[in-house]
$ cat coords13.cif   # mmCIF, C-alpha atoms
data_structure
loop_
_atom_site.label_atom_id
_atom_site.label_comp_id
_atom_site.auth_asym_id
_atom_site.auth_seq_id
_atom_site.Cartn_x
_atom_site.Cartn_y
_atom_site.Cartn_z
CA MET E 1 4.86 22.59 1.94
CA SER E 2 3.43 26.10 1.77
CA HIS E 3 -0.29 26.51 2.32
CA SER E 4 -0.44 29.86 0.42
CA ARG E 5 -2.24 28.04 -2.37
CA PRO E 6 -3.30 24.45 -2.93
CA HIS E 7 -0.77 22.10 -4.45
CA ARG E 8 -1.80 21.83 -8.10
CA VAL E 9 -2.08 18.32 -9.55
CA ALA E 10 -2.66 17.75 -13.27
CA VAL E 11 -4.11 14.35 -14.15
CA LEU E 12 -3.43 13.47 -17.78
CA ALA E 13 -6.07 11.37 -19.54
CA LEU E 14 -5.03 9.52 -22.71
CA ASP E 15 -7.23 7.70 -25.21
CA GLY E 16 -8.20 4.29 -23.84
CA VAL E 17 -8.06 5.50 -20.23
CA TYR E 18 -9.58 3.42 -17.44
CA PRO E 19 -12.33 5.56 -15.84
CA PHE E 20 -11.74 4.11 -12.37
CA GLU E 21 -8.06 5.05 -12.26
CA LEU E 22 -8.77 8.42 -13.89
CA GLY E 23 -11.04 9.32 -10.98
CA ILE E 24 -8.72 8.22 -8.18
CA PRO E 25 -6.59 11.39 -7.83
CA THR E 26 -9.62 13.69 -7.75
CA ARG E 27 -11.40 11.51 -5.19
CA VAL E 28 -8.47 10.84 -2.85
CA LEU E 29 -6.53 14.10 -3.08
CA GLY E 30 -9.83 15.97 -3.04
CA ALA E 31 -10.48 14.49 0.41
CA ALA E 32 -7.41 16.24 1.86
CA ASP E 33 -9.22 19.33 3.17
CA GLY E 34 -8.44 21.62 0.26
CA ARG E 35 -4.69 21.04 0.21
CA TYR E 36 -4.78 19.99 -3.46
CA GLU E 37 -6.29 21.45 -6.60
CA VAL E 38 -6.79 18.60 -9.07
CA LEU E 39 -7.11 19.42 -12.78
CA VAL E 40 -8.02 16.66 -15.24
CA CYS E 41 -6.65 17.39 -18.70
CA SER E 42 -6.21 15.92 -22.17
CA CYS E 43 -3.35 16.37 -24.60
CA ASP E 44 -5.32 18.59 -26.97
CA GLY E 45 -8.18 19.91 -24.87
CA GLY E 46 -10.65 17.61 -26.59
CA PRO E 47 -12.61 14.54 -25.52
CA VAL E 48 -10.87 11.30 -24.56
CA GLU E 49 -12.10 7.81 -25.29
CA THR E 50 -12.24 5.46 -22.31
CA ASN E 51 -12.00 1.69 -22.39
CA ALA E 52 -15.51 1.47 -20.94
CA GLY E 53 -17.56 2.36 -24.01
CA PHE E 54 -17.93 6.09 -23.45
CA SER E 55 -15.87 9.24 -23.83
CA VAL E 56 -15.06 11.95 -21.30
CA LEU E 57 -14.36 15.63 -21.83
CA PRO E 58 -11.71 16.88 -19.37
CA GLN E 59 -12.16 20.48 -18.29
CA HIS E 60 -8.57 21.37 -19.17
CA GLY E 61 -6.13 21.04 -22.00
CA PRO E 62 -2.33 20.61 -21.99
CA GLU E 63 -1.85 24.08 -20.49
CA ALA E 64 -2.71 22.54 -17.11
CA LEU E 65 0.54 20.59 -17.25
CA ALA E 66 2.57 23.79 -17.41
CA SER E 67 1.29 25.07 -14.06
CA ALA E 68 1.20 21.76 -12.19
CA ASP E 69 3.26 20.96 -9.12
CA THR E 70 2.55 17.26 -9.62
CA VAL E 71 1.53 15.44 -12.80
CA ILE E 72 -0.18 12.03 -12.68
CA ILE E 73 -0.26 9.82 -15.80
CA THR E 74 -3.26 7.50 -15.80
CA PRO E 75 -3.36 4.06 -17.47
CA VAL E 76 -4.89 2.95 -20.75
CA SER E 77 -6.08 -0.39 -22.09
CA THR E 78 -3.21 -2.65 -23.13
CA ALA E 79 -4.22 -2.43 -26.78
CA ARG E 80 -3.57 1.33 -26.68
CA LEU E 81 -0.03 1.05 -25.35
CA THR E 82 2.73 2.18 -27.70
CA ARG E 83 6.46 1.72 -27.37
CA GLU E 84 7.12 5.30 -28.46
CA VAL E 85 5.25 8.35 -27.21
CA PRO E 86 2.82 9.74 -29.82
CA GLU E 87 3.63 13.26 -31.02
CA THR E 88 0.56 14.81 -29.40
CA VAL E 89 1.44 13.23 -26.06
CA ALA E 90 5.09 14.26 -26.35
CA ALA E 91 4.07 17.85 -27.11
CA ALA E 92 1.82 17.93 -24.08
CA LEU E 93 4.47 16.46 -21.79
CA ALA E 94 6.98 19.05 -23.03
CA ARG E 95 4.92 21.69 -21.22
CA ILE E 96 5.78 20.21 -17.81
CA ARG E 97 8.16 22.45 -15.88
CA PRO E 98 11.55 21.08 -14.75
CA GLY E 99 11.37 19.84 -11.15
CA THR E 100 7.69 18.94 -11.33
CA ARG E 101 6.86 15.72 -9.47
CA ILE E 102 5.56 13.08 -11.89
CA ALA E 103 3.69 9.92 -10.96
CA SER E 104 2.05 7.11 -12.88
CA ILE E 105 -0.76 4.72 -12.08
CA CYS E 106 -0.62 1.18 -13.48
CA ASN E 107 0.71 1.12 -17.06
CA GLY E 108 1.00 4.90 -17.12
CA CYS E 109 4.66 4.13 -16.40
CA PHE E 110 5.05 3.12 -20.07
CA VAL E 111 4.82 6.83 -20.92
CA LEU E 112 7.47 7.68 -18.34
CA ALA E 113 9.74 4.93 -19.65
CA ALA E 114 9.35 6.01 -23.28
CA THR E 115 10.30 9.59 -22.40
CA GLY E 116 13.41 8.52 -20.49
CA LEU E 117 12.15 9.60 -17.08
CA LEU E 118 12.70 6.12 -15.66
CA ASP E 119 16.25 5.66 -16.92
CA GLY E 120 18.43 4.65 -14.00
CA ARG E 121 15.43 4.06 -11.72
CA VAL E 122 13.55 1.01 -10.53
CA ALA E 123 9.89 1.07 -11.58
CA THR E 124 6.73 -0.92 -11.01
CA THR E 125 3.54 -1.52 -12.93
CA HIS E 126 0.60 -3.91 -12.96
CA TRP E 127 1.96 -7.44 -12.83
CA GLU E 128 0.11 -8.37 -16.03
CA SER E 129 2.00 -5.65 -17.92
CA ALA E 130 5.38 -6.51 -16.43
CA GLN E 131 6.61 -8.78 -19.22
CA LEU E 132 5.68 -6.33 -21.97
CA PHE E 133 7.36 -3.51 -20.05
CA SER E 134 10.56 -5.53 -19.67
CA ASP E 135 10.50 -6.50 -23.35
CA TRP E 136 10.15 -2.89 -24.47
CA TYR E 137 12.41 -1.26 -21.87
CA PRO E 138 14.95 -3.90 -20.79
CA HIS E 139 17.30 -1.21 -19.43
CA ILE E 140 14.80 -0.23 -16.71
CA PRO E 141 14.75 -2.51 -13.63
CA LEU E 142 11.20 -3.56 -12.84
CA ASP E 143 9.80 -4.73 -9.53
CA GLU E 144 6.33 -6.04 -10.30
CA GLY E 145 5.85 -7.34 -6.76
CA VAL E 146 5.19 -4.01 -4.97
CA LEU E 147 2.36 -1.48 -4.80
CA PHE E 148 4.37 1.65 -5.57
CA ILE E 149 7.91 2.99 -5.75
CA ASP E 150 8.86 6.53 -4.73
CA HIS E 151 12.02 8.18 -6.06
CA GLY E 152 10.97 11.57 -4.74
CA ASP E 153 10.48 13.33 -8.07
CA VAL E 154 9.20 10.28 -9.97
CA LEU E 155 6.77 7.68 -8.63
CA THR E 156 5.27 4.58 -10.23
CA SER E 157 2.48 2.36 -8.95
CA ALA E 158 0.87 -0.96 -9.73
CA GLY E 159 -2.65 -1.54 -11.03
CA ALA E 160 -6.08 -0.23 -10.10
CA ALA E 161 -6.44 0.23 -6.31
CA SER E 162 -2.71 0.85 -5.85
CA GLY E 163 -3.45 4.26 -7.33
CA VAL E 164 -5.34 4.93 -4.09
CA ASP E 165 -2.25 3.88 -2.12
CA LEU E 166 -0.11 6.16 -4.26
CA CYS E 167 -2.32 9.19 -3.69
CA LEU E 168 -2.51 8.56 0.04
CA HIS E 169 1.27 8.27 0.03
CA LEU E 170 1.51 11.68 -1.65
CA ILE E 171 -0.70 13.19 1.06
CA ARG E 172 1.32 11.44 3.77
CA THR E 173 4.59 12.68 2.28
CA ASP E 174 3.37 16.25 1.82
CA HIS E 175 1.27 16.73 4.95
CA GLY E 176 1.79 13.77 7.29
CA ALA E 177 -0.05 10.66 8.36
CA HIS E 178 -2.86 12.45 10.19
CA LEU E 179 -4.24 14.14 7.06
CA ALA E 180 -3.66 10.99 4.98
CA ASN E 181 -5.64 8.95 7.50
CA HIS E 182 -8.39 11.58 7.45
CA ALA E 183 -8.58 11.42 3.65
CA ALA E 184 -8.67 7.62 3.77
CA ARG E 185 -11.56 7.67 6.22
CA ARG E 186 -13.49 10.05 3.97
CA CYS E 187 -12.94 7.70 1.03
CA VAL E 188 -13.63 4.60 3.17
CA VAL E 189 -10.37 2.92 2.16
CA ALA E 190 -7.48 1.39 4.07
CA PRO E 191 -5.36 4.29 5.34
CA PHE E 192 -1.99 2.61 4.94
CA ARG E 193 -0.60 -0.06 2.69
CA GLU E 194 3.17 0.07 2.55
CA GLY E 195 4.59 0.59 -0.94
CA GLY E 196 6.67 -2.56 -0.68
CA GLN E 197 3.62 -4.66 0.09
CA ALA E 198 2.97 -7.40 -2.46
CA GLN E 199 0.44 -6.98 -5.26
CA PHE E 200 -1.35 -10.17 -4.15
CA ILE E 201 -0.79 -11.73 -7.53
CA GLU E 202 -1.41 -15.36 -6.73
CA ARG E 203 -4.13 -15.28 -4.10
CA PRO E 204 -6.04 -11.98 -3.80
CA VAL E 205 -8.90 -13.59 -1.85
CA PRO E 206 -8.60 -16.65 0.39
CA ASP E 207 -10.45 -19.72 -0.86
CA ASP E 208 -11.99 -20.03 2.59
CA PRO E 209 -12.79 -16.62 4.18
CA ALA E 210 -12.79 -18.24 7.60
CA ALA E 211 -9.14 -19.14 7.03
CA SER E 212 -8.13 -15.53 6.37
CA THR E 213 -5.88 -13.64 8.78
CA SER E 214 -7.80 -10.39 8.20
CA GLY E 215 -9.74 -10.69 11.47
CA THR E 216 -6.52 -11.19 13.40
CA ARG E 217 -4.93 -8.22 11.67
CA GLN E 218 -7.82 -6.04 12.82
CA TRP E 219 -7.43 -7.42 16.33
CA ILE E 220 -3.69 -6.67 16.27
CA LEU E 221 -4.36 -3.04 15.41
CA GLN E 222 -6.41 -2.77 18.61
CA GLN E 223 -3.64 -4.40 20.67
CA LEU E 224 -0.51 -2.59 19.46
CA GLY E 225 0.56 -1.72 22.98
CA ASP E 226 0.52 -5.34 24.12
CA LYS E 227 3.08 -8.10 23.84
CA LEU E 228 2.21 -9.61 20.47
CA THR E 229 4.11 -12.75 19.60
CA VAL E 230 3.51 -14.79 16.47
CA GLU E 231 2.30 -17.58 18.72
CA ARG E 232 -0.35 -15.31 20.24
CA MET E 233 -1.43 -14.10 16.79
CA ALA E 234 -1.74 -17.66 15.50
CA GLN E 235 -3.76 -18.62 18.55
CA HIS E 236 -6.18 -15.77 17.91
CA ALA E 237 -6.53 -16.90 14.28
CA HIS E 238 -7.08 -20.52 15.40
CA MET E 239 -4.17 -21.69 13.27
CA SER E 240 -0.87 -23.38 13.81
CA VAL E 241 2.09 -20.99 13.81
CA ARG E 242 3.37 -22.41 10.53
CA THR E 243 -0.01 -22.09 8.79
CA PHE E 244 -0.56 -18.61 10.19
CA ILE E 245 2.80 -17.31 8.96
CA ARG E 246 2.24 -18.79 5.51
CA ARG E 247 -1.26 -17.37 5.14
CA PHE E 248 -0.33 -14.02 6.68
CA ARG E 249 2.46 -13.57 4.17
CA ALA E 250 0.27 -14.68 1.26
CA GLU E 251 -2.31 -12.03 2.17
CA THR E 252 -0.03 -9.11 3.11
CA GLY E 253 3.25 -9.83 1.38
CA LEU E 254 5.07 -9.51 4.71
CA PRO E 255 5.91 -11.76 7.66
CA PRO E 256 3.84 -10.98 10.77
CA GLY E 257 6.68 -9.33 12.70
CA GLN E 258 7.59 -6.92 9.91
CA TRP E 259 3.95 -6.05 9.29
CA LEU E 260 3.47 -5.39 13.01
CA THR E 261 6.46 -3.06 13.16
CA ARG E 262 5.15 -1.05 10.22
CA GLN E 263 1.74 -0.69 11.84
CA ARG E 264 3.38 0.51 15.05
CA ILE E 265 5.41 3.08 13.13
CA ALA E 266 2.29 4.24 11.32
CA ARG E 267 0.53 4.70 14.68
CA ALA E 268 3.57 6.51 16.09
CA ARG E 269 3.55 8.97 13.20
CA ASN E 270 -0.10 9.75 13.84
CA LEU E 271 0.51 10.28 17.56
CA LEU E 272 3.54 12.49 16.91
CA GLU E 273 1.43 14.69 14.67
CA SER E 274 -1.79 14.83 16.65
CA THR E 275 -0.80 14.65 20.35
CA ASP E 276 1.69 16.14 22.82
CA LEU E 277 2.72 12.75 24.19
CA THR E 278 6.45 12.39 24.79
CA VAL E 279 8.45 9.93 22.74
CA ASP E 280 8.63 7.65 25.80
CA GLN E 281 4.85 7.73 26.15
CA ILE E 282 4.30 7.04 22.45
CA ALA E 283 6.77 4.15 22.52
CA PHE E 284 4.84 2.60 25.40
CA GLU E 285 1.49 3.27 23.73
CA ILE E 286 2.43 1.41 20.54
CA GLY E 287 4.30 -1.47 22.15
CA PHE E 288 7.99 -0.63 21.76
CA ALA E 289 10.23 -1.41 24.70
CA THR E 290 11.93 1.97 24.85
CA ALA E 291 12.01 5.39 23.22
CA ALA E 292 15.35 4.33 21.74
CA SER E 293 13.59 1.49 19.94
CA LEU E 294 11.06 3.90 18.46
CA ARG E 295 13.83 6.23 17.36
CA GLN E 296 15.67 3.38 15.70
CA HIS E 297 12.65 2.12 13.77
CA LEU E 298 11.45 5.58 12.75
CA ASN E 299 14.90 6.52 11.54
CA ALA E 300 15.14 3.29 9.55
CA GLU E 301 11.73 3.94 7.99
CA LEU E 302 11.93 7.70 7.35
CA GLY E 303 15.48 8.81 8.10
CA VAL E 304 14.39 11.25 10.83
CA SER E 305 14.09 11.33 14.61
CA PRO E 306 10.68 11.48 16.33
CA LEU E 307 11.27 15.09 17.35
CA ALA E 308 12.25 16.12 13.82
CA TYR E 309 9.18 14.37 12.44
CA ARG E 310 6.92 16.13 14.96
CA ARG E 311 8.39 19.52 14.09
CA THR E 312 7.77 18.90 10.40
CA PHE E 313 4.14 17.91 10.71
CA ARG E 314 2.83 19.81 13.74
CA ALA E 315 -0.51 21.35 12.78
CA ASP E 316 0.60 24.78 14.02
CA GLY E 317 4.04 24.49 12.41
CA SER E 318 5.81 25.34 15.67
CA PRO E 319 8.43 23.03 17.20
CA ASP E 320 7.96 21.60 20.65
CA GLY E 321 10.44 22.06 23.38
CA GLU E 322 12.44 18.89 23.84
CA GLN E 323 10.87 17.00 26.68
CA ALA E 324 12.49 14.39 28.82
CA GLY E 325 11.04 11.63 26.71
CA ASP E 326 12.55 13.19 23.56
CA ARG E 327 16.14 12.96 24.76
CA ALA E 328 18.29 10.01 23.87
CA PRO E 329 18.17 7.43 26.67
CA SER E 330 21.24 6.21 28.48
CA ARG E 331 22.72 2.89 27.43
CA THR E 332 21.60 1.38 30.73
CA GLU E 333 17.94 2.32 30.33
CA PRO E 334 15.89 -0.72 31.35
CA THR E 335 13.76 -2.52 28.82
CA ALA E 336 10.09 -3.02 29.58
CA PRO E 337 9.37 -6.73 29.83
CA GLY E 338 7.72 -8.38 26.85
CA ARG E 339 8.21 -5.45 24.47
CA PRO E 340 10.17 -5.60 21.19
CA ARG E 341 13.52 -3.91 21.10
#
$ encode --input "coords13.cif" --output "structure tokens"
Amino acid sequence: MSHSRPHRVAVLALDGVYPFELGIPTRVLGAADGRYEVLVCSCDGGPVETNAGFSVLPQHGPEALASADTVIITPVSTARLTREVPETVAAALARIRPGTRIASICNGCFVLAATGLLDGRVATTHWESAQLFSDWYPHIPLDEGVLFIDHGDVLTSAGAASGVDLCLHLIRTDHGAHLANHAARRCVVAPFREGGQAQFIERPVPDDPAASTSGTRQWILQQLGDKLTVERMAQHAHMSVRTFIRRFRAETGLPPGQWLTRQRIARARNLLESTDLTVDQIAFEIGFATAASLRQHLNAELGVSPLAYRRTFRADGSPDGEQAGDRAPSRTEPTAPGRPR
């Protein structure tokens, strides 16, 4: 992405908007060191009623949509949802240029569905709105069990805090994990929750905090380079393996091994961006057996090699020379003991 000017994001506020979600893009994208210009707008340039007993007056009208590189549709109270797009909203959306990236937070996806932007795509929304969405738009496949879904030009996300995950994902996609992590630290939020992670519908908070796996997850993040078996994790959590796996999945939406791999890949991305370590060194640092294993997992996750990823997100924009650790290993390369393949 060019740095000649900030990436312009228009955040559309509709009557009945949730103030929390309306503020997410400005707060999160605004923490990305000036890479984004966030404009909050209304459909007619006038004030917008919120669902919190007060109104807000966005600084911009629908003209902001015409110059935006990304448009974010924010959610409204369920009572304000309509199956068809109101004329004023449709007129405002008509100003969006072809090729503009469009994203929704929570039930903002109802607007995208009503305009046909989700036809032929899988979408997500807040799990409480899932049935209504499916009733109104049965032709659009809905996955209400994930935090966000990225189709490249169109993105949808689940409720409330998943808007934070969506905005961090935009930063990560545009500028890499290092800047996304930096923005997350400034906002004091978790830097990475995978889009496919569950929405925690049934059990958002453990009945007994002492029985949570959160402490073990923090410990794992400090031990990524070590041999980390499920048995060792369960021992740290003072649980049986069976109980640990069940509670871990209930809290994260993923089995321990898959969650661990994703954390290792997230760490690898950060190291590729911010250090000159070879791929071999990074693989060892994050607990993979070989550079080949890192290549395999990174390619499965992002569709690129470590070297290609580094070239894309180097701070100076210049590619590295291919070092010994960046070359494909021979088939007979030994595997470090105790490390995942």
$ resolve_selection --input "coords13.cif" --expression "the PyMOL selection byres ((chain E and resi 23-35) around 10)" --output "PyMOL selection string"
chain E and resi 1-11+18-22+36-40+72+74+105+160-168+170-171+174-175+179-187+189
$ resolve_selection --input "coords13.cif" --expression "the PyMOL selection byres ((chain E and resi 225-237) around 6)" --output "list in words"
Thr216, Gln223, Leu224, His238, Met239, Val241, Phe244, Glu285, Ile286, Gly287, Gly338 and Arg339 of chain E
$ resolve_selection --input "coords13.cif" --expression "the PyMOL selection byres ((chain E and resi 48) around 12)" --output "PyMOL selection string"
chain E and resi 12-19+22+40-47+49-61+76
$ closest_residue --input "coords13.cif" --among "E:Val188, E:Leu302, E:Val279, E:Val154" --to "Gly99 (chain E)" --atoms "all atoms listed in the file"
E:Val154
$ residues_around --input "coords13.cif" --residues "Ala66 (chain E)" --least-positions-apart "5" --cutoff "8 Å" --atoms "all atoms listed in the file" --output "list of chain:residue names"
E:Arg95, E:Ile96, E:Arg97
$ residues_near_point --input "coords13.cif" --point "(8.8, 1.3, 11.8)" --cutoff "12 Å" --atoms "all atoms listed in the file" --output "MDAnalysis selection string"
chainID E and resid 194 257:269 283 286:288 293:306 340:341
$ write_last_selection --input "coords13.cif" --atoms "C-alpha atoms" --output "PDB file, in the coordinates of the input"
ATOM      1  CA  GLU E 194       3.170   0.070   2.550  1.00  0.00           C
ATOM      2  CA  GLY E 257       6.680  -9.330  12.700  1.00  0.00           C
ATOM      3  CA  GLN E 258       7.590  -6.920   9.910  1.00  0.00           C
ATOM      4  CA  TRP E 259       3.950  -6.050   9.290  1.00  0.00           C
ATOM      5  CA  LEU E 260       3.470  -5.390  13.010  1.00  0.00           C
ATOM      6  CA  THR E 261       6.460  -3.060  13.160  1.00  0.00           C
ATOM      7  CA  ARG E 262       5.150  -1.050  10.220  1.00  0.00           C
ATOM      8  CA  GLN E 263       1.740  -0.690  11.840  1.00  0.00           C
ATOM      9  CA  ARG E 264       3.380   0.510  15.050  1.00  0.00           C
ATOM     10  CA  ILE E 265       5.410   3.080  13.130  1.00  0.00           C
ATOM     11  CA  ALA E 266       2.290   4.240  11.320  1.00  0.00           C
ATOM     12  CA  ARG E 267       0.530   4.700  14.680  1.00  0.00           C
ATOM     13  CA  ALA E 268       3.570   6.510  16.090  1.00  0.00           C
ATOM     14  CA  ARG E 269       3.550   8.970  13.200  1.00  0.00           C
ATOM     15  CA  ALA E 283       6.770   4.150  22.520  1.00  0.00           C
ATOM     16  CA  ILE E 286       2.430   1.410  20.540  1.00  0.00           C
ATOM     17  CA  GLY E 287       4.300  -1.470  22.150  1.00  0.00           C
ATOM     18  CA  PHE E 288       7.990  -0.630  21.760  1.00  0.00           C
ATOM     19  CA  SER E 293      13.590   1.490  19.940  1.00  0.00           C
ATOM     20  CA  LEU E 294      11.060   3.900  18.460  1.00  0.00           C
ATOM     21  CA  ARG E 295      13.830   6.230  17.360  1.00  0.00           C
ATOM     22  CA  GLN E 296      15.670   3.380  15.700  1.00  0.00           C
ATOM     23  CA  HIS E 297      12.650   2.120  13.770  1.00  0.00           C
ATOM     24  CA  LEU E 298      11.450   5.580  12.750  1.00  0.00           C
ATOM     25  CA  ASN E 299      14.900   6.520  11.540  1.00  0.00           C
ATOM     26  CA  ALA E 300      15.140   3.290   9.550  1.00  0.00           C
ATOM     27  CA  GLU E 301      11.730   3.940   7.990  1.00  0.00           C
ATOM     28  CA  LEU E 302      11.930   7.700   7.350  1.00  0.00           C
ATOM     29  CA  GLY E 303      15.480   8.810   8.100  1.00  0.00           C
ATOM     30  CA  VAL E 304      14.390  11.250  10.830  1.00  0.00           C
ATOM     31  CA  SER E 305      14.090  11.330  14.610  1.00  0.00           C
ATOM     32  CA  PRO E 306      10.680  11.480  16.330  1.00  0.00           C
ATOM     33  CA  PRO E 340      10.170  -5.600  21.190  1.00  0.00           C
ATOM     34  CA  ARG E 341      13.520  -3.910  21.100  1.00  0.00           C
TER      35      ARG E 341
END
$ atom_distance --input "coords13.cif" --atom1 "CA of Ala113 (chain E)" --atom2 "CA of Thr252 (chain E)"
28.5 Å
$ atom_distance --input "coords13.cif" --atom1 "CA of Ile140 (chain E)" --atom2 "CA of Phe110 (chain E)"
10.8 Å
$ closest_residue --input "coords13.cif" --among "E:His178, E:Arg310, E:His126, E:Arg80" --to "Ser157 (chain E)" --atoms "only C-alpha atoms"
E:His126
$ atom_distance --input "coords13.cif" --atom1 "CA of Ser104 (chain E)" --atom2 "CA of Ile73 (chain E)"
4.6 Å
